[in-house]
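Accompanying notes for the structure given below.
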There are 2 protein chains.
Amino acid sequence: MPQLLRVQNFLLSTDGYGAGEGQSLERPFGHADPATMASWAGATASWPNRTEPGGSRGLDDYLVRDFHRNIGAEIMGRNKFGPQRGPWADHEWRGWWGDNPPFHTPVFVMTHHPRPSFTLSDTTFHFVGGEPADVLAQAREAADGRDVRLGGGANVVRQFLDADLVDTLHVAVSPVTLGAGSRLWSSPDELLDRFHRDVVPSPSGVVHHLFWRR
Amino acid sequence: MPQLLRVQNFLLSTDGYGAGEGQSLERPFGHADPATMASWAGATASWPNRTEPGGSRGLDDYLVRDFHRNIGAEIMGRNKFGPQRGPWADHEWRGWWGDNPPFHTPVFVMTHHPRPSFTLSDTTFHFVGGEPADVLAQAREAADGRDVRLGGGANVVRQFLDADLVDTLHVAVSPVTLGAGSRLWSSPDELLDRFHRDVVPSPSGVVHHLFWRR
């Protein structure tokens, strides 16, 4: 089995932005509202943060529960890991996710600024520089035969697309527009030279774009 | 986690038939052509019988690879198990699937005609009578906390629907008509009194109907 590099459940606005402008500790997605863009996922039975029984078991649920299937490592950008920019002032920041991060695998945070690895529950964060291909090689080795999830943000996904390293992408386009921010594409048609695509409108209002390599 | 009873990848004609008339050893689906009705699944990367690399990784692939997820037992009708009807003449028939059946769990074959259990590779077939609720209780116990797949045919799915025991159904409706045979429904709307539904047309031409309990 090949070890795929997969983008899963990547939330995007209709105009192609994964996050808004002005990202900060208080507004991790800038002027974008992640609760709105993730509402399709939060309504499903498989949503991991669900606190009460119930939830839909239709199309959206298939996509939510596929998030962890056969994933052995994640790669993310430094801007997904935290709101800091530039050299680390200290090492107190340990991500947005509390003591039990939702990854449960090694996570490779791409940054030019070195920092020691650390572990929270069953997630270990590594801080790595280098080209996308180098980072992917490290993540593949850590994934122990399983696939690697490319967790974003949009700039990181673009880097790996430009290096032709992505095997599959699932992008969930919400009926919101952001106008500015961190952009994945001007149009999803940009990827059609290298990918097949299914466009699947969900009854929930989100449109799932599923790409796989030609 | 509740133990669900799930119908997965159930192939159906546009007019509601899961198999045609005249089922036999030579024509397990009667006058229906299973290769046509399963072609959407066979084109996917996750199709277990795939003999060459490639295959689509879009919508249909999500549905194919969900077939085994968290399944701990299957229930099937005797007509799915084989072409014989009435009392067993002997016990030589061991199913359609050769020495390595694709179930990999206990399988409960519903029949009024008793027969000893037997094992092929990691699949054990049990032959059980009784009401759907009794059969489900046995399958749940064997599934060891995981879900139970209701494998069909259409008559068996109907029995469990009529007893209100089904939690989720995925029915893949192909653009073929059969006119006669083993029928699941006259219209999928029949289930809307008890189920939510997503209708998801795939670019492959099949239409996925996803039902979950209200």
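All residue names refer to the structure tokens as shown: chains lettered A, B, ... in order, residues numbered from 1 in each chain, ligands numbered from 1 in order.
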Report as a list in words all protein, DNA and RNA residues lying within 12 Å of A:Ala45, evaluated on only C-alpha atoms, omitting residues in the same chain fewer than 6 positions from it.
Thr51, Glu52, Pro53, Gly54, Gly55, Ser56, Arg57, Gly58, Leu59, Asp60, Asp61, Tyr62, Leu63, Val64 and Arg65 of chain A; Met1, Pro2, Thr168, Trp212 and Arg213 of chain B
Using the selection just defined, write its residues with C-alpha atoms as a short mmCIF file (atom, residue, chain, number, x, y, z; two decimals), in the first residue's frame.
data_model
loop_
_atom_site.label_atom_id
_atom_site.label_comp_id
_atom_site.auth_asym_id
_atom_site.auth_seq_id
_atom_site.Cartn_x
_atom_site.Cartn_y
_atom_site.Cartn_z
CA THR A 51 -21.21 16.17 23.99
CA GLU A 52 -24.71 14.79 23.52
CA PRO A 53 -26.04 11.74 21.69
CA GLY A 54 -27.49 11.99 18.22
CA GLY A 55 -26.06 13.65 15.18
CA SER A 56 -26.51 12.94 11.50
CA ARG A 57 -25.22 9.75 9.87
CA GLY A 58 -25.48 10.85 6.25
CA LEU A 59 -22.92 12.10 3.77
CA ASP A 60 -21.15 14.57 6.09
CA ASP A 61 -20.65 11.84 8.66
CA TYR A 62 -18.67 9.70 6.20
CA LEU A 63 -16.28 12.60 5.67
CA VAL A 64 -15.89 13.43 9.35
CA ARG A 65 -15.10 9.89 10.40
CA MET B 1 -21.08 3.54 21.82
CA PRO B 2 -24.31 1.89 20.67
CA THR B 168 -28.51 3.07 9.18
CA TRP B 212 -30.37 7.09 9.58
CA ARG B 213 -32.91 6.70 12.32
#
Which residues are close to B:His31, i.e. within 8 Å by only C-alpha atoms, leaving aside same-chain residues fewer than 3 positions away? Reply as a list in words.
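Listed by chain and then number, they are Ala19, Gly20, Glu21, Gly22, Gln23, Arg27 and Leu178 of chain B.
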From a DSSP calculation on the backbone, collect every residue of chain B in alpha helix (DSSP H) and output the set as a PyMOL selection string.
chain B and resi 34-37+39-42+59-65+78-81+132-143+154-162
From the DSSP assignment of the backbone, select every residue of stretch 15-209 of chain A that is strand (DSSP E), and format the answer as a ChimeraX atom specification.
/A:17-19,71-77,106-110,118-120,123-128,147-150,168-174,182-183,195-201,207-209
Between atom CA of A:Arg197 and atom CA of A:Val148, what is the spacing in Å?
20.3 Å
Excluding same-chain residues fewer than 3 positions from B:Gly82, what lies within 10 Å of it counting only C-alpha atoms, as a list in words?
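Final neighbour list, sorted by chain and number: Gln23, Ser24, Leu25, Pro28, Gly77, Arg78, Asn79, Arg85, Trp93, Arg94, Gly95 and Trp96 of chain B.
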So that I have them on file, write out the residues from the current selection with N, CA and C atoms, as a short mmCIF file (atom, residue, chain, number, x, y, z; two decimals), in the first residue's frame.
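The file below, selection16.cif, is the result:
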data_model
loop_
_atom_site.label_atom_id
_atom_site.label_comp_id
_atom_site.auth_asym_id
_atom_site.auth_seq_id
_atom_site.Cartn_x
_atom_site.Cartn_y
_atom_site.Cartn_z
N GLN B 23 -33.11 -16.74 -9.71
CA GLN B 23 -31.79 -16.92 -9.10
C GLN B 23 -31.39 -18.39 -9.14
N SER B 24 -30.13 -18.63 -9.48
CA SER B 24 -29.63 -20.00 -9.64
C SER B 24 -28.14 -20.01 -9.41
N LEU B 25 -27.56 -21.22 -9.45
CA LEU B 25 -26.12 -21.34 -9.31
C LEU B 25 -25.39 -20.54 -10.38
N PRO B 28 -26.57 -15.96 -9.84
CA PRO B 28 -26.93 -15.71 -8.43
C PRO B 28 -27.88 -14.55 -8.25
N GLY B 77 -29.50 -13.43 4.57
CA GLY B 77 -30.53 -14.41 4.29
C GLY B 77 -29.94 -15.65 3.66
N ARG B 78 -30.70 -16.71 3.74
CA ARG B 78 -30.23 -17.96 3.16
C ARG B 78 -30.08 -17.85 1.64
N ASN B 79 -30.88 -17.01 1.01
CA ASN B 79 -30.78 -16.86 -0.45
C ASN B 79 -29.53 -16.11 -0.87
N ARG B 85 -32.85 -24.12 -2.04
CA ARG B 85 -34.07 -23.77 -1.30
C ARG B 85 -34.54 -25.01 -0.55
N TRP B 93 -22.20 -27.38 0.05
CA TRP B 93 -22.17 -25.96 -0.33
C TRP B 93 -21.66 -25.12 0.85
N ARG B 94 -20.63 -24.31 0.58
CA ARG B 94 -20.04 -23.49 1.63
C ARG B 94 -20.02 -22.01 1.23
N GLY B 95 -21.02 -21.61 0.44
CA GLY B 95 -21.11 -20.20 0.05
C GLY B 95 -20.45 -19.94 -1.30
N TRP B 96 -20.68 -18.72 -1.80
CA TRP B 96 -20.21 -18.34 -3.13
C TRP B 96 -18.74 -17.92 -3.16
#
Could you give me, as a compact mmCIF listing (two decimals) with C-alpha atoms, in the first residue's frame, the residues within 6 Å of stretch 67-75 of chain A, counting only C-alpha atoms and dropping anything in the same chain fewer than 4 positions from it?
# COMPACT_ATOMS: atom_id res chain seq x y z
CA GLN A 8 -8.84 15.97 5.09
CA THR A 105 0.05 10.70 16.26
CA PRO A 106 3.35 12.52 15.75
CA VAL A 107 2.78 16.06 14.44
CA PHE A 108 5.41 17.90 12.40
CA ALA A 139 6.50 12.33 8.61
CA ALA A 143 3.76 7.24 10.28
CA ARG A 146 0.19 4.62 7.45
CA ASP A 147 -0.80 7.76 5.56
CA VAL A 148 0.19 11.32 6.44
CA ARG A 149 -2.39 14.06 6.93
CA LEU A 150 -1.53 17.54 5.69
CA GLY A 151 -3.33 19.67 8.22
If I take atom CA of A:Val109 and atom CA of A:Pro83, how far is one from the other in Å, to one decimal?
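Separating atom CA of A:Val109 from atom CA of A:Pro83 is a distance of 13.1 Å.
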With only C-alpha atoms as the counted atoms, please give the residues lying no more than 9 Å from A:Phe160, apart from itself and same-chain residues fewer than 4 positions off, as a ChimeraX atom specification.
/A:132-133,150,155-156,164-166
Take the residues just selected and output them with C-alpha atoms as a JSON list (two decimals), in the first residue's frame.
[["chain", "number", "residue", "atom", "x", "y", "z"],
["A", 132, "PRO", "CA", 8.19, 20.12, 1.92],
["A", 133, "ALA", "CA", 9.75, 16.93, 0.51],
["A", 150, "LEU", "CA", -1.53, 17.54, 5.69],
["A", 155, "ASN", "CA", -0.25, 28.35, 2.74],
["A", 156, "VAL", "CA", 1.20, 25.01, 3.76],
["A", 164, "ASP", "CA", 3.34, 18.02, -6.36],
["A", 165, "LEU", "CA", 3.40, 15.99, -3.15],
["A", 166, "VAL", "CA", -0.33, 15.78, -2.36]]
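Each of A:Ser202, A:Thr124, A:Thr44, A:Asn49 was checked against chain B using only C-alpha atoms; the smallest atom-to-atom distance is that of A:Ser202.
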Between atom CA of B:Trp185 and atom CA of B:Gly16, what is the spacing in Å?
5.2 Å
Distance query B:Leu184 at most 10 Å, only C-alpha atoms, self and fewer than 2 positions along chain excluded, as a PDB file with all heavy atoms, in the first residue's frame:
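Generated file (selection18.pdb):
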ATOM      1  N   PHE B  10     -25.712  -1.577  -0.309  1.00  0.00           N
ATOM      2  CA  PHE B  10     -26.750  -2.458  -0.845  1.00  0.00           C
ATOM      3  C   PHE B  10     -27.100  -1.998  -2.260  1.00  0.00           C
ATOM      4  O   PHE B  10     -27.542  -0.864  -2.472  1.00  0.00           O
ATOM      5  CB  PHE B  10     -27.982  -2.432   0.064  1.00  0.00           C
ATOM      6  CG  PHE B  10     -28.939  -3.538  -0.238  1.00  0.00           C
ATOM      7  CD1 PHE B  10     -28.714  -4.815   0.252  1.00  0.00           C
ATOM      8  CD2 PHE B  10     -30.040  -3.310  -1.041  1.00  0.00           C
ATOM      9  CE1 PHE B  10     -29.583  -5.859  -0.043  1.00  0.00           C
ATOM     10  CE2 PHE B  10     -30.916  -4.351  -1.354  1.00  0.00           C
ATOM     11  CZ  PHE B  10     -30.687  -5.624  -0.853  1.00  0.00           C
ATOM     12  N   LEU B  12     -29.069  -1.630  -5.665  1.00  0.00           N
ATOM     13  CA  LEU B  12     -30.493  -1.640  -5.992  1.00  0.00           C
ATOM     14  C   LEU B  12     -30.699  -1.050  -7.381  1.00  0.00           C
ATOM     15  O   LEU B  12     -29.964  -0.170  -7.824  1.00  0.00           O
ATOM     16  CB  LEU B  12     -31.262  -0.800  -4.955  1.00  0.00           C
ATOM     17  CG  LEU B  12     -32.721  -1.175  -4.726  1.00  0.00           C
ATOM     18  CD1 LEU B  12     -32.806  -2.527  -3.999  1.00  0.00           C
ATOM     19  CD2 LEU B  12     -33.455  -0.109  -3.926  1.00  0.00           C
ATOM     20  N   SER B  13     -31.729  -1.550  -8.064  1.00  0.00           N
ATOM     21  CA  SER B  13     -32.122  -0.959  -9.349  1.00  0.00           C
ATOM     22  C   SER B  13     -32.971   0.285  -9.089  1.00  0.00           C
ATOM     23  O   SER B  13     -33.471   0.498  -7.980  1.00  0.00           O
ATOM     24  CB  SER B  13     -32.914  -1.976 -10.166  1.00  0.00           C
ATOM     25  OG  SER B  13     -34.170  -2.205  -9.553  1.00  0.00           O
ATOM     26  N   ASP B  15     -35.872   0.827  -9.973  1.00  0.00           N
ATOM     27  CA  ASP B  15     -37.225   0.450  -9.564  1.00  0.00           C
ATOM     28  C   ASP B  15     -37.258  -0.407  -8.307  1.00  0.00           C
ATOM     29  O   ASP B  15     -38.280  -1.034  -7.999  1.00  0.00           O
ATOM     30  CB  ASP B  15     -38.002  -0.211 -10.724  1.00  0.00           C
ATOM     31  CG  ASP B  15     -37.244  -1.350 -11.397  1.00  0.00           C
ATOM     32  OD1 ASP B  15     -36.038  -1.523 -11.119  1.00  0.00           O
ATOM     33  OD2 ASP B  15     -37.861  -2.067 -12.202  1.00  0.00           O
ATOM     34  N   GLY B  16     -36.156  -0.435  -7.557  1.00  0.00           N
ATOM     35  CA  GLY B  16     -36.225  -0.953  -6.194  1.00  0.00           C
ATOM     36  C   GLY B  16     -35.880  -2.411  -5.991  1.00  0.00           C
ATOM     37  O   GLY B  16     -36.103  -2.946  -4.908  1.00  0.00           O
ATOM     38  N   TYR B  17     -35.304  -3.062  -6.994  1.00  0.00           N
ATOM     39  CA  TYR B  17     -34.981  -4.486  -6.861  1.00  0.00           C
ATOM     40  C   TYR B  17     -33.502  -4.693  -6.550  1.00  0.00           C
ATOM     41  O   TYR B  17     -32.627  -4.088  -7.175  1.00  0.00           O
ATOM     42  CB  TYR B  17     -35.326  -5.241  -8.153  1.00  0.00           C
ATOM     43  CG  TYR B  17     -36.809  -5.239  -8.446  1.00  0.00           C
ATOM     44  CD1 TYR B  17     -37.367  -4.304  -9.312  1.00  0.00           C
ATOM     45  CD2 TYR B  17     -37.650  -6.170  -7.832  1.00  0.00           C
ATOM     46  CE1 TYR B  17     -38.733  -4.286  -9.566  1.00  0.00           C
ATOM     47  CE2 TYR B  17     -39.018  -6.163  -8.088  1.00  0.00           C
ATOM     48  CZ  TYR B  17     -39.554  -5.226  -8.953  1.00  0.00           C
ATOM     49  OH  TYR B  17     -40.903  -5.215  -9.195  1.00  0.00           O
ATOM     50  N   GLY B  18     -33.243  -5.613  -5.600  1.00  0.00           N
ATOM     51  CA  GLY B  18     -31.874  -5.961  -5.252  1.00  0.00           C
ATOM     52  C   GLY B  18     -31.348  -7.145  -6.037  1.00  0.00           C
ATOM     53  O   GLY B  18     -30.145  -7.357  -6.131  1.00  0.00           O
ATOM     54  N   ALA B  19     -32.238  -7.934  -6.585  1.00  0.00           N
ATOM     55  CA  ALA B  19     -31.869  -9.065  -7.429  1.00  0.00           C
ATOM     56  C   ALA B  19     -33.025  -9.320  -8.376  1.00  0.00           C
ATOM     57  O   ALA B  19     -34.158  -8.880  -8.125  1.00  0.00           O
ATOM     58  CB  ALA B  19     -31.578 -10.315  -6.598  1.00  0.00           C
ATOM     59  N   GLY B 152     -28.371  -8.431   3.569  1.00  0.00           N
ATOM     60  CA  GLY B 152     -29.369  -8.704   2.546  1.00  0.00           C
ATOM     61  C   GLY B 152     -29.583 -10.195   2.402  1.00  0.00           C
ATOM     62  O   GLY B 152     -29.080 -10.977   3.203  1.00  0.00           O
ATOM     63  N   GLY B 153     -30.363 -10.590   1.361  1.00  0.00           N
ATOM     64  CA  GLY B 153     -30.967  -9.770   0.329  1.00  0.00           C
ATOM     65  C   GLY B 153     -32.106  -8.880   0.775  1.00  0.00           C
ATOM     66  O   GLY B 153     -32.352  -8.693   1.969  1.00  0.00           O
ATOM     67  N   ALA B 154     -32.817  -8.381  -0.240  1.00  0.00           N
ATOM     68  CA  ALA B 154     -33.863  -7.398  -0.012  1.00  0.00           C
ATOM     69  C   ALA B 154     -34.933  -7.898   0.973  1.00  0.00           C
ATOM     70  O   ALA B 154     -35.411  -7.134   1.812  1.00  0.00           O
ATOM     71  CB  ALA B 154     -34.508  -7.010  -1.342  1.00  0.00           C
ATOM     72  N   ASN B 155     -35.281  -9.181   0.864  1.00  0.00           N
ATOM     73  CA  ASN B 155     -36.344  -9.687   1.751  1.00  0.00           C
ATOM     74  C   ASN B 155     -35.914  -9.632   3.213  1.00  0.00           C
ATOM     75  O   ASN B 155     -36.734  -9.336   4.097  1.00  0.00           O
ATOM     76  CB  ASN B 155     -36.702 -11.135   1.370  1.00  0.00           C
ATOM     77  CG  ASN B 155     -37.299 -11.222  -0.020  1.00  0.00           C
ATOM     78  OD1 ASN B 155     -37.822 -10.233  -0.551  1.00  0.00           O
ATOM     79  ND2 ASN B 155     -37.199 -12.395  -0.645  1.00  0.00           N
ATOM     80  N   VAL B 156     -34.664  -9.937   3.456  1.00  0.00           N
ATOM     81  CA  VAL B 156     -34.157  -9.905   4.823  1.00  0.00           C
ATOM     82  C   VAL B 156     -34.087  -8.465   5.334  1.00  0.00           C
ATOM     83  O   VAL B 156     -34.448  -8.177   6.481  1.00  0.00           O
ATOM     84  CB  VAL B 156     -32.781 -10.610   4.887  1.00  0.00           C
ATOM     85  CG1 VAL B 156     -32.089 -10.327   6.206  1.00  0.00           C
ATOM     86  CG2 VAL B 156     -32.962 -12.104   4.684  1.00  0.00           C
ATOM     87  N   VAL B 157     -33.624  -7.554   4.488  1.00  0.00           N
ATOM     88  CA  VAL B 157     -33.593  -6.148   4.916  1.00  0.00           C
ATOM     89  C   VAL B 157     -35.008  -5.689   5.253  1.00  0.00           C
ATOM     90  O   VAL B 157     -35.242  -5.006   6.254  1.00  0.00           O
ATOM     91  CB  VAL B 157     -32.954  -5.264   3.837  1.00  0.00           C
ATOM     92  CG1 VAL B 157     -33.027  -3.794   4.239  1.00  0.00           C
ATOM     93  CG2 VAL B 157     -31.499  -5.670   3.593  1.00  0.00           C
ATOM     94  N   ARG B 158     -35.972  -6.069   4.437  1.00  0.00           N
ATOM     95  CA  ARG B 158     -37.377  -5.689   4.703  1.00  0.00           C
ATOM     96  C   ARG B 158     -37.848  -6.227   6.052  1.00  0.00           C
ATOM     97  O   ARG B 158     -38.513  -5.526   6.815  1.00  0.00           O
ATOM     98  CB  ARG B 158     -38.311  -6.247   3.605  1.00  0.00           C
ATOM     99  CG  ARG B 158     -38.337  -5.480   2.328  1.00  0.00           C
ATOM    100  CD  ARG B 158     -39.266  -4.277   2.247  1.00  0.00           C
ATOM    101  NE  ARG B 158     -39.779  -3.716   3.466  1.00  0.00           N
ATOM    102  CZ  ARG B 158     -39.941  -2.410   3.670  1.00  0.00           C
ATOM    103  NH1 ARG B 158     -39.601  -1.536   2.727  1.00  0.00           N
ATOM    104  NH2 ARG B 158     -40.457  -1.963   4.778  1.00  0.00           N
ATOM    105  N   LEU B 161     -36.385  -4.065   8.677  1.00  0.00           N
ATOM    106  CA  LEU B 161     -37.028  -2.749   8.654  1.00  0.00           C
ATOM    107  C   LEU B 161     -38.411  -2.831   9.278  1.00  0.00           C
ATOM    108  O   LEU B 161     -38.802  -1.967  10.076  1.00  0.00           O
ATOM    109  CB  LEU B 161     -37.139  -2.240   7.211  1.00  0.00           C
ATOM    110  CG  LEU B 161     -35.868  -1.696   6.572  1.00  0.00           C
ATOM    111  CD1 LEU B 161     -36.099  -1.440   5.080  1.00  0.00           C
ATOM    112  CD2 LEU B 161     -35.404  -0.412   7.266  1.00  0.00           C
ATOM    113  N   VAL B 171     -27.933   2.584   0.508  1.00  0.00           N
ATOM    114  CA  VAL B 171     -28.430   1.884  -0.676  1.00  0.00           C
ATOM    115  C   VAL B 171     -27.886   2.610  -1.901  1.00  0.00           C
ATOM    116  O   VAL B 171     -28.034   3.832  -2.024  1.00  0.00           O
ATOM    117  CB  VAL B 171     -29.970   1.869  -0.695  1.00  0.00           C
ATOM    118  CG1 VAL B 171     -30.485   1.156  -1.942  1.00  0.00           C
ATOM    119  CG2 VAL B 171     -30.508   1.197   0.569  1.00  0.00           C
ATOM    120  N   GLY B 181     -38.413  -9.240  -9.401  1.00  0.00           N
ATOM    121  CA  GLY B 181     -37.347  -9.845  -8.607  1.00  0.00           C
ATOM    122  C   GLY B 181     -37.573  -9.620  -7.135  1.00  0.00           C
ATOM    123  O   GLY B 181     -38.705  -9.580  -6.657  1.00  0.00           O
ATOM    124  N   SER B 182     -36.479  -9.470  -6.413  1.00  0.00           N
ATOM    125  CA  SER B 182     -36.510  -9.309  -4.962  1.00  0.00           C
ATOM    126  C   SER B 182     -36.472  -7.823  -4.653  1.00  0.00           C
ATOM    127  O   SER B 182     -35.481  -7.148  -4.912  1.00  0.00           O
ATOM    128  CB  SER B 182     -35.291 -10.033  -4.381  1.00  0.00           C
ATOM    129  OG  SER B 182     -35.204  -9.836  -2.997  1.00  0.00           O
ATOM    130  N   SER B 186     -40.921   0.137  -3.109  1.00  0.00           N
ATOM    131  CA  SER B 186     -41.533   0.731  -4.298  1.00  0.00           C
ATOM    132  C   SER B 186     -40.973   2.119  -4.498  1.00  0.00           C
ATOM    133  O   SER B 186     -40.770   2.563  -5.621  1.00  0.00           O
ATOM    134  CB  SER B 186     -43.047   0.806  -4.141  1.00  0.00           C
ATOM    135  OG  SER B 186     -43.576  -0.478  -3.979  1.00  0.00           O
ATOM    136  N   SER B 187     -40.727   2.820  -3.380  1.00  0.00           N
ATOM    137  CA  SER B 187     -40.118   4.146  -3.417  1.00  0.00           C
ATOM    138  C   SER B 187     -39.306   4.330  -2.138  1.00  0.00           C
ATOM    139  O   SER B 187     -39.744   3.919  -1.054  1.00  0.00           O
ATOM    140  CB  SER B 187     -41.197   5.226  -3.485  1.00  0.00           C
ATOM    141  OG  SER B 187     -40.658   6.478  -3.064  1.00  0.00           O
ATOM    142  N   PRO B 188     -38.143   4.961  -2.241  1.00  0.00           N
ATOM    143  CA  PRO B 188     -37.356   5.193  -1.017  1.00  0.00           C
ATOM    144  C   PRO B 188     -38.079   6.103  -0.028  1.00  0.00           C
ATOM    145  O   PRO B 188     -37.756   6.101   1.164  1.00  0.00           O
ATOM    146  CB  PRO B 188     -36.062   5.827  -1.535  1.00  0.00           C
ATOM    147  CG  PRO B 188     -36.359   6.294  -2.917  1.00  0.00           C
ATOM    148  CD  PRO B 188     -37.443   5.411  -3.452  1.00  0.00           C
TER     149      PRO B 188
END
Measuring atom to atom with only C-alpha atoms, identify which of A:Ala142, A:Met76, A:Asp66, A:Trp47 is nearest to chain B.
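Smallest distance to chain B is found for A:Asp66.
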Nearest to chain A: which of B:Arg183, B:Lys80, B:His126, B:His170 is it, counting only C-alpha atoms?
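Ranked by minimum distance to chain A, first place goes to B:His170.
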